[in-house]
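Raw entry_18.cif, mmCIF, C-alpha atoms:
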data_start
loop_
_atom_site.label_atom_id
_atom_site.label_comp_id
_atom_site.auth_asym_id
_atom_site.auth_seq_id
_atom_site.Cartn_x
_atom_site.Cartn_y
_atom_site.Cartn_z
CA MET I 457 -67.62 -93.51 -6.04
CA ARG I 458 -66.19 -96.99 -6.60
CA GLU I 459 -67.09 -97.89 -3.03
CA ASP I 460 -70.70 -96.81 -3.61
CA LEU I 461 -70.90 -98.86 -6.80
CA GLU I 462 -69.54 -101.86 -4.98
CA LEU I 463 -72.18 -101.48 -2.24
CA ILE I 464 -74.91 -101.04 -4.84
CA ASN I 465 -73.83 -104.19 -6.71
CA ARG I 466 -73.68 -106.17 -3.49
CA PHE I 467 -77.17 -104.97 -2.57
CA LEU I 468 -78.50 -105.86 -6.01
CA ASN I 469 -77.12 -109.36 -5.47
CA GLY I 470 -79.27 -109.63 -2.35
CA ASN I 471 -76.93 -108.34 0.36
CA MET I 472 -79.02 -106.18 2.68
CA GLU I 473 -75.99 -105.24 4.80
CA ALA I 474 -74.56 -103.40 1.80
CA PHE I 475 -77.71 -101.29 1.65
CA GLU I 476 -77.44 -100.61 5.38
CA MET I 477 -73.87 -99.40 4.87
CA LEU I 478 -74.97 -97.14 2.04
CA VAL I 479 -77.75 -95.67 4.21
CA LYS I 480 -75.43 -95.12 7.16
CA LYS I 481 -72.85 -93.46 4.94
CA TYR I 482 -75.33 -90.95 3.50
CA GLN I 483 -78.05 -90.56 6.17
CA ASN I 484 -76.56 -87.44 7.79
CA ARG I 485 -75.95 -85.69 4.49
CA THR I 486 -79.49 -86.47 3.40
CA ILE I 487 -81.02 -85.27 6.67
CA ASN I 488 -78.93 -82.10 6.60
CA THR I 489 -79.91 -81.32 3.02
CA ALA I 490 -83.58 -81.89 3.85
CA TYR I 491 -83.30 -79.87 7.06
CA SER I 492 -81.84 -76.91 5.24
CA LEU I 493 -84.68 -77.12 2.71
CA VAL I 494 -87.66 -77.63 5.07
CA GLY I 495 -86.37 -76.16 8.33
CA ASN I 496 -87.53 -78.83 10.75
CA VAL I 497 -85.48 -81.74 12.11
CA SER I 498 -88.23 -84.33 12.40
CA ASP I 499 -89.64 -83.46 8.95
CA ALA I 500 -86.09 -83.71 7.59
CA GLU I 501 -85.75 -87.21 9.07
CA ASP I 502 -89.08 -88.26 7.56
CA ILE I 503 -87.98 -86.93 4.18
CA ALA I 504 -84.67 -88.80 4.48
CA GLN I 505 -86.61 -92.00 5.24
CA ASP I 506 -88.72 -91.49 2.11
CA VAL I 507 -85.57 -90.81 0.08
CA PHE I 508 -83.92 -94.07 1.12
CA LEU I 509 -87.14 -95.98 0.57
CA LYS I 510 -87.29 -94.59 -2.98
CA ILE I 511 -83.66 -95.53 -3.46
CA TYR I 512 -84.31 -99.05 -2.14
CA ARG I 513 -87.09 -99.48 -4.68
CA SER I 514 -85.24 -98.05 -7.65
CA LEU I 515 -81.59 -98.88 -7.06
CA GLY I 516 -81.89 -101.46 -9.85
CA THR I 517 -82.47 -98.65 -12.35
CA PHE I 518 -79.48 -96.59 -11.16
CA ASN I 519 -77.11 -95.71 -13.98
CA ALA I 520 -73.68 -97.00 -12.96
CA GLN I 521 -72.00 -94.25 -15.02
CA ALA I 522 -73.55 -91.57 -12.79
CA LYS I 523 -72.46 -90.55 -9.33
CA PHE I 524 -74.60 -92.06 -6.57
CA SER I 525 -74.42 -88.92 -4.40
CA SER I 526 -75.71 -86.72 -7.27
CA TRP I 527 -78.64 -89.06 -7.70
CA LEU I 528 -79.27 -89.06 -3.95
CA TYR I 529 -79.22 -85.25 -3.75
CA ARG I 530 -81.61 -84.98 -6.67
CA ILE I 531 -84.08 -87.38 -5.01
CA THR I 532 -83.71 -85.52 -1.70
CA VAL I 533 -84.41 -82.14 -3.29
CA ASN I 534 -87.44 -83.50 -5.17
CA THR I 535 -88.81 -85.25 -2.08
CA ALA I 536 -88.36 -82.10 0.03
CA TYR I 537 -90.10 -80.09 -2.68
CA ASP I 538 -93.05 -82.50 -2.73
CA PHE I 539 -93.17 -82.41 1.06
CA LEU I 540 -93.32 -78.62 1.15
CA ARG I 541 -96.01 -78.55 -1.52
CA GLY I 542 -98.11 -80.96 0.51
CA HIS I 543 -97.57 -79.14 3.81
CA LYS I 544 -98.15 -75.55 2.76
CA HIS I 545 -101.02 -75.01 5.19
CA LYS I 546 -99.11 -76.62 8.04
CA ALA I 547 -96.09 -74.36 7.39
CA GLU I 548 -98.29 -71.27 7.51
CA SER I 549 -99.92 -72.25 10.80
CA LEU I 550 -96.55 -72.98 12.35
CA GLU I 551 -95.27 -69.43 11.96
CA GLU I 552 -96.60 -68.46 15.38
CA THR I 553 -94.84 -71.42 17.01
CA ASP I 554 -91.62 -70.34 15.27
CA CYS I 555 -91.89 -66.93 16.91
CA GLU I 556 -92.34 -68.58 20.32
CA ASN I 557 -89.27 -70.72 19.67
CA ILE I 558 -87.27 -67.64 18.84
CA ARG I 559 -88.35 -65.99 22.09
CA ALA I 560 -87.37 -69.12 24.03
CA LYS I 561 -83.95 -69.15 22.41
CA GLU I 562 -83.18 -65.49 23.08
CA ASN I 563 -80.88 -66.49 25.93
CA ASN I 564 -78.81 -68.69 23.67
CA PRO I 565 -77.27 -66.53 20.91
CA ASP I 566 -76.04 -69.51 18.87
CA LEU I 567 -79.44 -71.15 18.83
CA LEU I 568 -81.08 -67.86 18.05
CA THR I 569 -78.75 -67.24 15.11
CA GLN I 570 -79.47 -70.76 13.90
CA GLU I 571 -83.20 -70.11 14.16
CA LEU I 572 -82.93 -66.79 12.35
CA MET I 573 -80.75 -68.36 9.68
CA GLN I 574 -83.32 -71.09 9.16
CA GLY I 575 -86.03 -68.45 8.95
CA ALA I 576 -84.01 -66.55 6.35
CA LEU I 577 -83.53 -69.70 4.30
CA LYS I 578 -87.30 -70.27 4.35
CA GLU I 579 -87.82 -66.78 2.95
CA ILE I 580 -85.89 -67.35 -0.24
CA PRO I 581 -87.37 -69.32 -3.17
CA PHE I 582 -86.89 -73.08 -3.16
CA ASP I 583 -84.60 -73.17 -6.24
CA PHE I 584 -82.21 -70.68 -4.62
CA ARG I 585 -82.36 -72.48 -1.26
CA THR I 586 -81.41 -75.69 -3.05
CA VAL I 587 -78.23 -74.37 -4.64
CA ILE I 588 -77.07 -72.62 -1.48
CA THR I 589 -77.72 -75.81 0.52
CA LEU I 590 -75.77 -78.01 -1.86
CA ARG I 591 -72.94 -75.49 -1.99
CA GLU I 592 -72.61 -74.51 1.68
CA ILE I 593 -73.98 -77.50 3.58
CA GLN I 594 -72.71 -80.25 1.27
CA GLY I 595 -69.72 -78.38 -0.15
CA LEU I 596 -70.47 -79.39 -3.74
CA SER I 597 -68.72 -77.68 -6.63
CA TYR I 598 -70.70 -75.81 -9.30
CA GLU I 599 -70.29 -78.76 -11.64
CA GLU I 600 -71.54 -81.26 -9.04
CA ILE I 601 -74.57 -79.07 -8.29
CA SER I 602 -75.26 -78.74 -12.00
CA ARG I 603 -75.13 -82.55 -12.38
CA ALA I 604 -77.28 -83.19 -9.31
CA LEU I 605 -79.99 -80.71 -10.26
CA LYS I 606 -79.64 -81.17 -14.01
CA ILE I 607 -79.26 -77.45 -14.61
CA HIS I 608 -76.65 -75.45 -16.51
CA ILE I 609 -73.51 -74.47 -14.64
CA GLY I 610 -74.22 -70.80 -15.43
CA THR I 611 -77.63 -71.18 -13.77
CA VAL I 612 -75.93 -72.59 -10.67
CA GLU I 613 -73.63 -69.59 -10.51
CA SER I 614 -76.37 -67.02 -10.99
CA ARG I 615 -78.73 -68.71 -8.50
CA LEU I 616 -75.95 -68.84 -5.91
CA PHE I 617 -75.13 -65.19 -6.43
CA ARG I 618 -78.78 -64.17 -6.08
CA ALA I 619 -79.44 -66.51 -3.15
CA ARG I 620 -76.50 -65.04 -1.23
CA LYS I 621 -77.67 -61.53 -1.96
CA MET I 622 -81.19 -62.30 -0.72
CA LEU I 623 -79.90 -64.07 2.42
CA LYS I 624 -77.48 -61.26 3.15
CA ASP I 625 -80.26 -58.65 2.92
CA ILE I 626 -82.59 -60.68 5.17
CA LEU I 627 -79.90 -61.32 7.78
CA ILE I 628 -78.80 -57.69 7.82
CA ARG I 629 -82.46 -56.71 8.30
CA LYS I 630 -82.74 -59.21 11.19
CA GLY I 631 -79.51 -58.00 12.72
CA VAL I 632 -77.62 -61.28 12.34
CA LEU I 633 -75.13 -59.76 9.90
CA LYS I 634 -73.70 -56.29 10.19
CA ASN I 635 -73.22 -54.22 7.07
CA VAL I 636 -70.24 -52.05 7.90
CA MET Q 1270 -71.57 -52.72 -5.79
CA CYS Q 1271 -68.27 -53.37 -7.52
CA LYS Q 1272 -68.36 -54.70 -11.08
CA TYR Q 1273 -66.40 -57.74 -9.88
CA ALA Q 1274 -69.06 -58.75 -7.31
CA ARG Q 1275 -70.07 -61.79 -9.34
CA LEU Q 1276 -66.47 -62.82 -9.79
CA LEU Q 1277 -66.03 -62.47 -6.03
CA ASN Q 1278 -68.67 -65.14 -5.45
CA ARG Q 1279 -66.81 -67.52 -7.73
CA TYR Q 1280 -63.57 -66.54 -5.99
CA ILE Q 1281 -64.84 -67.50 -2.52
CA ASP Q 1282 -66.24 -70.72 -3.99
CA ASN Q 1283 -62.83 -71.53 -5.47
CA GLU Q 1284 -64.35 -71.75 -8.94
CA LEU Q 1285 -61.93 -69.46 -10.75
CA ALA Q 1286 -59.06 -70.37 -13.01
CA GLN Q 1287 -55.62 -69.58 -11.59
CA GLU Q 1288 -55.18 -66.34 -13.55
CA LYS Q 1289 -58.52 -64.86 -12.46
CA LYS Q 1290 -57.97 -66.08 -8.93
CA GLU Q 1291 -54.73 -64.11 -8.72
CA PHE Q 1292 -56.42 -61.07 -10.22
CA MET Q 1293 -59.21 -61.20 -7.62
CA ALA Q 1294 -56.78 -61.68 -4.74
CA THR Q 1295 -55.02 -58.46 -5.74
CA HIS Q 1296 -58.29 -56.67 -6.46
CA ILE Q 1297 -59.77 -57.42 -3.02
CA LEU Q 1298 -56.77 -55.80 -1.36
CA SER Q 1299 -57.31 -52.58 -3.28
CA CYS Q 1300 -61.15 -52.50 -3.35
CA PRO Q 1301 -62.83 -51.76 0.02
CA THR Q 1302 -66.30 -52.67 -1.37
CA CYS Q 1303 -65.11 -56.13 -2.38
CA GLY Q 1304 -63.17 -56.57 0.88
CA GLN Q 1305 -66.31 -55.76 2.88
CA GLU Q 1306 -68.46 -57.96 0.66
CA MET Q 1307 -66.05 -60.85 1.15
CA ASN Q 1308 -66.28 -60.50 4.94
CA LEU Q 1309 -70.07 -60.51 4.72
CA LEU Q 1310 -70.09 -63.57 2.48
CA ASN Q 1311 -67.75 -65.40 4.84
CA SER Q 1312 -70.00 -64.59 7.85
CA LEU Q 1313 -73.00 -65.75 5.85
CA ARG Q 1314 -71.24 -68.98 5.03
CA GLN Q 1315 -70.33 -69.54 8.71
CA ASN Q 1316 -73.95 -68.96 9.74
CA ILE Q 1317 -75.25 -71.41 7.19
CA VAL Q 1318 -72.75 -74.06 8.23
CA LYS Q 1319 -73.74 -73.54 11.89
CA ASN Q 1320 -77.19 -74.65 10.81
CA LYS Q 1321 -75.92 -78.18 10.17
CA ILE Q 1322 -77.17 -81.08 12.30
CA THR Q 1323 -74.14 -82.91 13.64
CA SER Q 1324 -75.76 -85.55 15.84
CA GLU Q 1325 -76.54 -88.99 14.44
CA PRO Q 1326 -80.28 -89.63 14.11
CA GLU Q 1327 -81.60 -92.22 16.53
CA PHE Q 1328 -83.01 -95.49 15.18
CA PHE Q 1329 -82.85 -94.21 11.60
CA TRP Q 1330 -81.82 -97.53 10.10
CA SER Q 1331 -84.16 -99.65 12.23
CA ARG Q 1332 -87.08 -97.38 11.29
CA LEU Q 1333 -86.17 -97.64 7.64
CA LYS Q 1334 -85.77 -101.41 7.86
CA ASP Q 1335 -89.28 -101.68 9.38
CA ARG Q 1336 -90.73 -99.58 6.59
CA ILE Q 1337 -88.98 -101.71 3.96
CA ARG Q 1338 -90.34 -104.90 5.56
CA GLN Q 1339 -93.82 -103.41 5.76
CA GLU Q 1340 -93.68 -102.37 2.13
CA GLU Q 1341 -92.47 -105.80 1.03
CA LYS Q 1342 -95.33 -107.45 2.94
CA THR Q 1343 -97.87 -105.21 1.20
CA GLU Q 1344 -96.19 -105.86 -2.13
CA ASN Q 1345 -96.33 -109.63 -1.61
CA LEU Q 1346 -100.00 -109.40 -0.70
CA SER Q 1347 -100.85 -107.36 -3.77
CA GLU Q 1348 -98.69 -109.66 -5.91
CA SER Q 1349 -100.59 -112.71 -4.67
CA PHE Q 1350 -103.85 -110.94 -5.42
CA VAL Q 1351 -102.64 -110.16 -8.92
CA PHE Q 1352 -101.52 -113.78 -9.32
CA ASP Q 1353 -104.91 -115.10 -8.16
CA PHE Q 1354 -106.66 -112.71 -10.42
CA GLY Q 1355 -104.48 -113.86 -13.30
CA ARG Q 1356 -105.21 -117.49 -12.58
CA TRP Q 1357 -108.91 -116.84 -12.37
CA SER Q 1358 -108.89 -114.77 -15.51
CA ARG Q 1359 -107.06 -117.59 -17.32
CA LYS Q 1360 -109.89 -119.90 -16.23
CA LEU Q 1361 -112.65 -117.46 -17.01
CA ILE Q 1362 -111.50 -116.07 -20.36
CA PRO Q 1363 -112.35 -119.31 -22.37
CA VAL Q 1364 -115.98 -119.18 -21.15
CA PRO Q 1365 -117.07 -116.09 -23.12
CA ILE Q 1366 -114.99 -117.23 -26.11
CA LEU Q 1367 -116.69 -120.62 -26.10
CA ALA Q 1368 -120.10 -118.99 -25.66
CA SER Q 1369 -119.44 -116.68 -28.63
CA ILE Q 1370 -118.45 -119.61 -30.83
CA LEU Q 1371 -121.60 -121.51 -29.85
CA ILE Q 1372 -123.80 -118.48 -30.59
CA ILE Q 1373 -122.18 -118.05 -34.02
CA ILE Q 1374 -122.72 -121.74 -34.86
CA PHE Q 1375 -126.34 -121.58 -33.68
CA LEU Q 1376 -127.08 -118.47 -35.75
CA ASN Q 1377 -125.51 -120.06 -38.83
CA LEU Q 1378 -127.62 -123.21 -38.42
CA ASN Q 1379 -130.76 -121.11 -38.14
CA ARG Q 1380 -129.80 -119.11 -41.19
CA ASN Q 1381 -129.43 -122.30 -43.32
CA SER Q 1382 -132.85 -123.63 -42.30
CA TYR Q 1383 -134.52 -120.28 -42.73
CA THR Q 1384 -136.65 -119.67 -45.86
CA ASN Q 1385 -137.85 -116.32 -46.92
CA PRO Q 1386 -141.72 -116.33 -46.55
CA VAL Q 1387 -142.13 -114.44 -49.89
CA ASP Q 1388 -140.05 -117.08 -51.72
CA GLU Q 1389 -142.05 -119.80 -50.05
CA TYR Q 1390 -145.34 -118.21 -51.09
CA LEU Q 1391 -144.25 -117.66 -54.65
CA PHE Q 1392 -142.93 -121.20 -54.93
CA THR Q 1393 -146.20 -122.76 -53.65
CA ASN Q 1394 -148.47 -120.56 -55.78
CA GLN Q 1395 -146.34 -121.10 -58.86
CA ASN Q 1396 -146.75 -124.88 -58.60
CA SER Q 1397 -150.50 -124.72 -57.93
CA ASN Q 1398 -151.03 -122.32 -60.84
CA VAL Q 1399 -149.08 -124.58 -63.12
CA LEU Q 1400 -151.15 -127.56 -62.01
CA ALA Q 1401 -154.39 -125.56 -62.41
CA LEU Q 1402 -153.40 -124.53 -65.92
CA ILE Q 1403 -152.65 -128.11 -66.97
CA ASP Q 1404 -155.97 -129.27 -65.55
CA ASP Q 1405 -158.05 -126.56 -67.21
CA ALA Q 1406 -156.52 -126.26 -70.62
CA GLY Q 1407 -154.76 -129.62 -70.90
CA GLN Q 1408 -151.52 -127.92 -71.86
CA GLN Q 1409 -148.84 -126.05 -70.01
CA SER Q 1410 -148.33 -122.36 -70.67
CA GLU Q 1411 -145.34 -120.33 -69.46
CA PRO Q 1412 -145.51 -120.35 -65.64
CA GLY Q 1413 -143.97 -116.88 -65.47
CA LEU Q 1414 -147.02 -115.30 -67.00
CA LEU Q 1415 -149.26 -116.77 -64.37
CA LEU Q 1416 -147.43 -115.12 -61.59
CA TYR Q 1417 -148.55 -111.60 -62.53
#
Could I get this file's structure written as structure tokens?
Amino acid sequence: MREDLELINRFLNGNMEAFEMLVKKYQNRTINTAYSLVGNVSDAEDIAQDVFLKIYRSLGTFNAQAKFSSWLYRITVNTAYDFLRGHKHKAESLEETDCENIRAKENNPDLLTQELMQGALKEIPFDFRTVITLREIQGLSYEEISRALKIHIGTVESRLFRARKMLKDILIRKGVLKNV
Amino acid sequence: MCKYARLLNRYIDNELAQEKKEFMATHILSCPTCGQEMNLLNSLRQNIVKNKITSEPEFFWSRLKDRIRQEEKTENLSESFVFDFGRWSRKLIPVPILASILIIIFLNLNRNSYTNPVDEYLFTNQNSNVLALIDDAGQQSEPGLLLY
């Protein structure tokens, strides 16, 4: 956290290298969060670009008392949400291509599982997908998720519980998980 | 579903206080439903984590840097337009103000030189009547009476 603040201060004093370091430190986390939320690598990279551009513009308004990563995750989630809202039609027309991808990956079980998992994530509501992403992909604690999304810790817990239940049901239905 | 299913989620997330954690650890051993649920949740977690992109994105920073430069260029252009507009507006704003002042002065001058035609008529007739009265009768009567 102190390291991030130091980089932010250096950037605000005109050091562009500090911003580059900040981007390189967080680019993978941002892309992964976006990927888990939108389900497409190139879209995730575009979203991450938008996120860092927003951060570049508004880093001067960042509250030094807050955690940079929480702020970053919040911007990422909001940007991904806006992206999905703007690309609703595109997402619907891509469903057929998704099925073709699945057929192509049938020979590679790992890739197929990944594809099915991504499909399952797409099936659950965005709010639930967000908490499960921050918990499982980023490994955030309930408190960190609550701070990043500005929601109550009890809401985090209940959304996680419900998201897991939904995912479990979908994956059992698709044969990825086996209910013994 | 076991009544501790919710607690199980917090247990696998390591979000329980020590006492409850110990309770759940013992409970899972004796409850087959919770044991099975925990296995399912662990598989789910593994599948989600498998979904992570591990490779570094190519040219991410250089792409971002280009976009920042592009944005700054556009910003500078729009700033210069705003500056020009400001300069022009500073030059142009006194014109309507000056014009308004001139119009007000002109109207006021006109108002001072303006005489009501009724007043003018009454004033002229009053004098002529007075003169006519003096001529005819050789003495002046009250001019007010002659007006009606």
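If you measure from each of I:Thr517, I:Thr535, I:Thr569, I:Ser525 to Glu501 in chain I using all atoms listed in the file, the closest one turns out to be I:Thr535.
With all atoms listed in the file taken into account, chain Q has Q:Arg1275, Q:Asn1278, Q:Arg1279, Q:Asp1282, Q:Glu1284, Q:Gln1305, Q:Leu1309, Q:Leu1310, Q:Ser1312, Q:Leu1313, Q:Arg1314, Q:Asn1316, Q:Ile1317, Q:Val1318, Q:Lys1319, Q:Asn1320, Q:Lys1321, Q:Ile1322, Q:Thr1323, Q:Glu1325, Q:Pro1326, Q:Phe1329, Q:Trp1330, Q:Leu1333, Q:Arg1336, Q:Ile1337 at most 8 Å from chain I.
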File of the preceding selection, C-alpha atoms, as an mmCIF file, keeping the file's coordinate frame:
data_model
loop_
_atom_site.group_PDB
_atom_site.id
_atom_site.type_symbol
_atom_site.label_atom_id
_atom_site.label_comp_id
_atom_site.auth_asym_id
_atom_site.auth_seq_id
_atom_site.Cartn_x
_atom_site.Cartn_y
_atom_site.Cartn_z
ATOM 1 C CA ARG Q 1275 -70.070 -61.790 -9.340
ATOM 2 C CA ASN Q 1278 -68.670 -65.140 -5.450
ATOM 3 C CA ARG Q 1279 -66.810 -67.520 -7.730
ATOM 4 C CA ASP Q 1282 -66.240 -70.720 -3.990
ATOM 5 C CA GLU Q 1284 -64.350 -71.750 -8.940
ATOM 6 C CA GLN Q 1305 -66.310 -55.760 2.880
ATOM 7 C CA LEU Q 1309 -70.070 -60.510 4.720
ATOM 8 C CA LEU Q 1310 -70.090 -63.570 2.480
ATOM 9 C CA SER Q 1312 -70.000 -64.590 7.850
ATOM 10 C CA LEU Q 1313 -73.000 -65.750 5.850
ATOM 11 C CA ARG Q 1314 -71.240 -68.980 5.030
ATOM 12 C CA ASN Q 1316 -73.950 -68.960 9.740
ATOM 13 C CA ILE Q 1317 -75.250 -71.410 7.190
ATOM 14 C CA VAL Q 1318 -72.750 -74.060 8.230
ATOM 15 C CA LYS Q 1319 -73.740 -73.540 11.890
ATOM 16 C CA ASN Q 1320 -77.190 -74.650 10.810
ATOM 17 C CA LYS Q 1321 -75.920 -78.180 10.170
ATOM 18 C CA ILE Q 1322 -77.170 -81.080 12.300
ATOM 19 C CA THR Q 1323 -74.140 -82.910 13.640
ATOM 20 C CA GLU Q 1325 -76.540 -88.990 14.440
ATOM 21 C CA PRO Q 1326 -80.280 -89.630 14.110
ATOM 22 C CA PHE Q 1329 -82.850 -94.210 11.600
ATOM 23 C CA TRP Q 1330 -81.820 -97.530 10.100
ATOM 24 C CA LEU Q 1333 -86.170 -97.640 7.640
ATOM 25 C CA ARG Q 1336 -90.730 -99.580 6.590
ATOM 26 C CA ILE Q 1337 -88.980 -101.710 3.960
#
Nearby residues (only C-alpha atoms) at most 8 Å from Val612 in chain I, same-chain spacing under 3 positions excluded, as a PyMOL selection string: chain I and resi 587+598+601-602+607-609+615-616
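Take CA of Glu1344 in chain Q and CA of Phe518 in chain I: the distance between them is 21.1 Å.
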Is it possible to get the residues within 12 Å of (-64.7, -54.7, -3.1) (coordinates as in the file, counting only C-alpha atoms) written as a ChimeraX atom specification? /Q:1270-1278,1293-1310
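Distance annotation: of I:Leu590, I:Val507, I:Ala576, I:Leu540, the residue with the minimal separation from Ile626 in chain I is I:Ala576; atom set is all atoms listed in the file.
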Edge lengths and centre in Å to one decimal, as lines of an AutoDock Vina configuration file, of the axis-aligned box that encloses all listed atoms of range 1283-1295 of chain Q with 3 Å added on every side?
center_x = -59.5
center_y = -65.1
center_z = -9.1
size_x = 15.6
size_y = 19.3
size_z = 14.8
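The space between CA of Leu468 in chain I and CA of Ser514 in chain I spans 10.4 Å.
In this structure, CA of Phe1328 in chain Q sits 20.5 Å away from CA of Leu528 in chain I.
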